[in-house]
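Participant: Take a look at the following structure, please.
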Amino acid sequence: MKPRPSRHVALAAFVLCLLCTAAAVVSFARGARAGVVWVLAAGFCSNAAWYCARGTRAVARTADAVVTSCGSGEACGSCVGKAC
């Protein structure tokens, strides 16, 4: 089973993206060319946050879409994750 990205990881990546963006702004304001590195780091963190958030939503959507065809309202085990 694949490890699933956590909502906390997505939030941490988003916060890191904001910090990298702030560092890029400060770096460019001071005239340093190191701001380019901060922009690239912000882009990487943004992609990581999007990927983790998307994975978390997909897992939640899959958990809500469990098919229960046993009639008792509980999954029988043979149809979890796919249609019977």
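So you can find residues: chains in the structure tokens are A, B, ... in the order shown, residues in each start at 1, and ligands are numbered from 1 in order.
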Pick out the residues sitting within 9 Å of stretch 16-26 of chain A, and hand them over as number ranges by chain; count only C-alpha atoms, and ignore anything fewer than 4 positions along from it in its own chain.

Facilitator: A: 11-12, 30-32, 34-46, 49

Participant: Just want the 12 Å neighbourhood of A:Val9, counted on only C-alpha atoms, with same-chain residues fewer than 5 positions away dropped. Output as number ranges by chain.

Facilitator: A: 4, 14-16, 45-46, 48-56
